[in-house]
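Accompanying notes for the structure given below.
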Amino acid sequence: MCCPRAYPARFDQGDDGITVTFRDLPEAITCGLDEAEALSMASDALETALSLYLRSGSPPSASEPQPSERLVPVSALASAKLALYEAMREKDVGKAELARRLGCHLPQIDRLLDLCHQSKLHQMECALAALGKCLVVEAEDAA
């Protein structure tokens, strides 16, 4: 069974709230007043940092969490977008070639790879299928 993509993060309690940092993504630093807000802000910071990596190169893989860390998952849509990026690299298919295979324009491919853009799941399925991949969605019990 596939686990969702998740990155280890430190949640450090301070006088003014909880600071969250990611060992694998040093640019992703955020905070929240309480646990719920810190987790929400951490998810946003994680996807923002991963989005920057997608634009400029390859996003780092998540390392194993240390005892002082918690896993922060990326959203299902962001996970699909990261899988598309990895499939493109694996198959050595550039954005222009993927656009040709899908019969669409290059800006549409840019949006499929943009973690901040709310692509439709059907679009992700089509793009992955054009690379010989299929999107698998599973539900698991929450931790």
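Simple scheme: letters A, B, ... for chains in structure tokens order, numbers from 1 for residues in each chain, numbers from 1 for ligands in the order shown.
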Identify all residues of stretch 4-138 of chain A in strand (DSSP E) (DSSP on the backbone) and supply them as a PyMOL selection string. chain A and resi 6-14+17-22+29-32+69-73
Could you list, as a CSV table (one decimal) with all heavy atoms, in the first residue's frame, every residue within 10 Å of A:Gln123, counting only C-alpha atoms and ignoring same-chain residues fewer than 6 positions away?
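result_3.csv, freshly written:
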chain,number,residue,atom,x,y,z
A,102,LEU,N,-0.9,15.3,-25.2
A,102,LEU,CA,-2.2,15.6,-24.6
A,102,LEU,C,-3.0,16.5,-25.6
A,102,LEU,O,-4.2,16.7,-25.3
A,102,LEU,CB,-2.1,16.3,-23.3
A,102,LEU,CG,-1.5,15.4,-22.1
A,102,LEU,CD1,-1.3,16.2,-20.9
A,102,LEU,CD2,-2.4,14.2,-21.8
A,108,GLN,N,-0.9,25.0,-20.2
A,108,GLN,CA,-1.7,24.0,-19.5
A,108,GLN,C,-0.8,23.0,-18.7
A,108,GLN,O,-1.1,22.6,-17.6
A,108,GLN,CB,-2.6,23.3,-20.4
A,108,GLN,CG,-3.7,24.2,-21.0
A,108,GLN,CD,-4.5,23.5,-22.1
A,108,GLN,OE1,-4.0,23.4,-23.2
A,108,GLN,NE2,-5.7,23.1,-21.8
A,109,ILE,N,0.3,22.6,-19.3
A,109,ILE,CA,1.3,21.7,-18.7
A,109,ILE,C,1.9,22.5,-17.5
A,109,ILE,O,2.1,21.9,-16.4
A,109,ILE,CB,2.3,21.2,-19.7
A,109,ILE,CG1,1.7,20.5,-20.9
A,109,ILE,CG2,3.4,20.3,-19.0
A,109,ILE,CD1,0.8,19.4,-20.5
A,112,LEU,N,-0.4,22.2,-14.7
A,112,LEU,CA,-0.4,20.8,-14.1
A,112,LEU,C,0.7,20.6,-13.2
A,112,LEU,O,0.6,19.8,-12.2
A,112,LEU,CB,-0.4,19.8,-15.2
A,112,LEU,CG,-1.6,19.6,-16.1
A,112,LEU,CD1,-1.4,18.5,-17.1
A,112,LEU,CD2,-2.8,19.2,-15.2
A,129,ALA,N,-1.5,9.1,-17.7
A,129,ALA,CA,-1.7,8.1,-18.7
A,129,ALA,C,-0.9,8.3,-19.9
A,129,ALA,O,-0.4,7.3,-20.5
A,129,ALA,CB,-3.2,8.0,-19.0
I want to know what sits within 12 Å of A:Asp114, based on only C-alpha atoms, with residues of the same chain fewer than 4 positions away left out; could you give that as a tab-separated table (two decimals) with N, CA, C and O atoms, in the first residue's frame?
chain	number	residue	atom	x	y	z
A	47	GLU	N	4.09	22.86	0.78
A	47	GLU	CA	3.73	22.87	-0.64
A	47	GLU	C	4.31	24.07	-1.36
A	47	GLU	O	4.68	23.97	-2.53
A	48	THR	N	4.43	25.20	-0.68
A	48	THR	CA	5.05	26.37	-1.30
A	48	THR	C	6.52	26.09	-1.61
A	48	THR	O	7.00	26.38	-2.71
A	49	ALA	N	7.24	25.51	-0.66
A	49	ALA	CA	8.66	25.19	-0.88
A	49	ALA	C	8.81	24.15	-1.99
A	49	ALA	O	9.67	24.29	-2.86
A	50	LEU	N	7.98	23.12	-1.97
A	50	LEU	CA	8.06	22.10	-3.02
A	50	LEU	C	7.77	22.70	-4.39
A	50	LEU	O	8.39	22.33	-5.40
A	51	SER	N	6.85	23.65	-4.45
A	51	SER	CA	6.52	24.33	-5.70
A	51	SER	C	7.74	25.08	-6.24
A	51	SER	O	8.00	25.06	-7.44
A	52	LEU	N	8.48	25.72	-5.35
A	52	LEU	CA	9.69	26.43	-5.78
A	52	LEU	C	10.72	25.45	-6.33
A	52	LEU	O	11.38	25.73	-7.34
A	53	TYR	N	10.85	24.30	-5.70
A	53	TYR	CA	11.79	23.29	-6.19
A	53	TYR	C	11.36	22.76	-7.57
A	53	TYR	O	12.19	22.50	-8.41
A	54	LEU	N	10.06	22.60	-7.78
A	54	LEU	CA	9.58	22.12	-9.07
A	54	LEU	C	9.92	23.10	-10.19
A	54	LEU	O	10.21	22.69	-11.30
A	55	ARG	N	9.87	24.39	-9.89
A	55	ARG	CA	10.18	25.41	-10.90
A	55	ARG	C	11.66	25.47	-11.22
A	55	ARG	O	12.05	25.79	-12.33
A	56	SER	N	12.51	25.22	-10.24
A	56	SER	CA	13.94	25.43	-10.41
A	56	SER	C	14.77	24.15	-10.50
A	56	SER	O	15.96	24.21	-10.75
A	77	LEU	N	-3.68	16.27	-4.27
A	77	LEU	CA	-3.43	16.88	-5.58
A	77	LEU	C	-1.95	17.19	-5.76
A	77	LEU	O	-1.38	16.92	-6.82
A	78	ALA	N	-1.30	17.73	-4.73
A	78	ALA	CA	0.13	18.01	-4.83
A	78	ALA	C	0.91	16.72	-5.01
A	78	ALA	O	1.88	16.67	-5.77
A	79	SER	N	0.48	15.66	-4.36
A	79	SER	CA	1.14	14.37	-4.52
A	79	SER	C	1.03	13.88	-5.96
A	79	SER	O	2.00	13.37	-6.53
A	80	ALA	N	-0.14	14.06	-6.57
A	80	ALA	CA	-0.33	13.68	-7.98
A	80	ALA	C	0.57	14.52	-8.89
A	80	ALA	O	1.15	14.01	-9.85
A	81	LYS	N	0.69	15.81	-8.60
A	81	LYS	CA	1.53	16.69	-9.41
A	81	LYS	C	3.01	16.29	-9.28
A	81	LYS	O	3.74	16.29	-10.27
A	82	LEU	N	3.45	15.95	-8.07
A	82	LEU	CA	4.82	15.49	-7.89
A	82	LEU	C	5.05	14.17	-8.62
A	82	LEU	O	6.12	13.95	-9.21
A	84	LEU	N	3.54	13.26	-11.36
A	84	LEU	CA	3.63	13.62	-12.78
A	84	LEU	C	5.02	14.12	-13.10
A	84	LEU	O	5.63	13.70	-14.09
A	85	TYR	N	5.55	14.99	-12.27
A	85	TYR	CA	6.90	15.51	-12.48
A	85	TYR	C	7.92	14.36	-12.52
A	85	TYR	O	8.77	14.30	-13.40
A	107	PRO	N	1.16	26.26	-21.63
A	107	PRO	CA	0.73	26.82	-20.34
A	107	PRO	C	-0.15	25.86	-19.53
A	107	PRO	O	-0.14	25.91	-18.30
A	108	GLN	N	-0.88	24.99	-20.20
A	108	GLN	CA	-1.69	24.00	-19.48
A	108	GLN	C	-0.80	23.01	-18.74
A	108	GLN	O	-1.12	22.59	-17.63
A	109	ILE	N	0.33	22.65	-19.34
A	109	ILE	CA	1.27	21.74	-18.68
A	109	ILE	C	1.91	22.46	-17.49
A	109	ILE	O	2.08	21.87	-16.42
A	110	ASP	N	2.24	23.74	-17.68
A	110	ASP	CA	2.79	24.51	-16.56
A	110	ASP	C	1.84	24.50	-15.38
A	110	ASP	O	2.26	24.37	-14.23
A	118	GLN	N	-5.09	24.79	-8.80
A	118	GLN	CA	-6.08	23.75	-8.49
A	118	GLN	C	-6.49	22.98	-9.76
A	118	GLN	O	-7.58	23.20	-10.28
A	119	SER	N	-5.61	22.13	-10.24
A	119	SER	CA	-5.93	21.30	-11.41
A	119	SER	C	-7.02	20.31	-11.06
A	119	SER	O	-7.22	19.97	-9.89
A	124	MET	N	-4.98	15.31	-14.25
A	124	MET	CA	-3.80	14.61	-13.75
A	124	MET	C	-3.78	13.18	-14.24
A	124	MET	O	-2.75	12.65	-14.64
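If you look at atom CA of A:Leu106 and atom CA of A:Pro59, they are 21.3 Å away from each other.
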If we count only C-alpha atoms and set the cut-off at 12 Å, which residues sit around A:Ser61, ignoring sequence neighbours fewer than 6 positions away in its own chain? Please answer as a ChimeraX atom specification. /A:5-8,23-25,50,53,82,86
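Proximity of A:Val93, A:Val20, A:Ala76, A:Leu128 to A:Glu35, computed with only C-alpha atoms, is greatest for A:Val20.
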Would you kindly return, as a PyMOL selection string, each protein, DNA or RNA residue with an atom no farther than 12 Å from any atom of A:Val72, considering only C-alpha atoms and excluding same-chain residues fewer than 5 positions away? chain A and resi 4-11+20-24+28+38-47+62-65+143
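Coordinates place atom CA of A:Asp141 at a distance of 28.0 Å from atom CA of A:Cys126.
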Let's see if you can do this: from backbone DSSP, list all helix (DSSP H, G or I) residues in stretch 50-143 of chain A, as JSON, numbers by chain. {"A": [50, 51, 52, 53, 54, 55, 56, 76, 77, 78, 79, 80, 81, 82, 83, 84, 85, 86, 87, 88, 89, 90, 91, 95, 96, 97, 98, 99, 100, 101, 102, 106, 107, 108, 109, 110, 111, 112, 121, 122, 123, 124, 125, 126, 127, 128, 129]}
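Considering the residues A:Arg89, A:His117, A:His105, A:Arg111 and counting only C-alpha atoms, A:Leu131 has its shortest atom-to-atom contact with A:Arg89.
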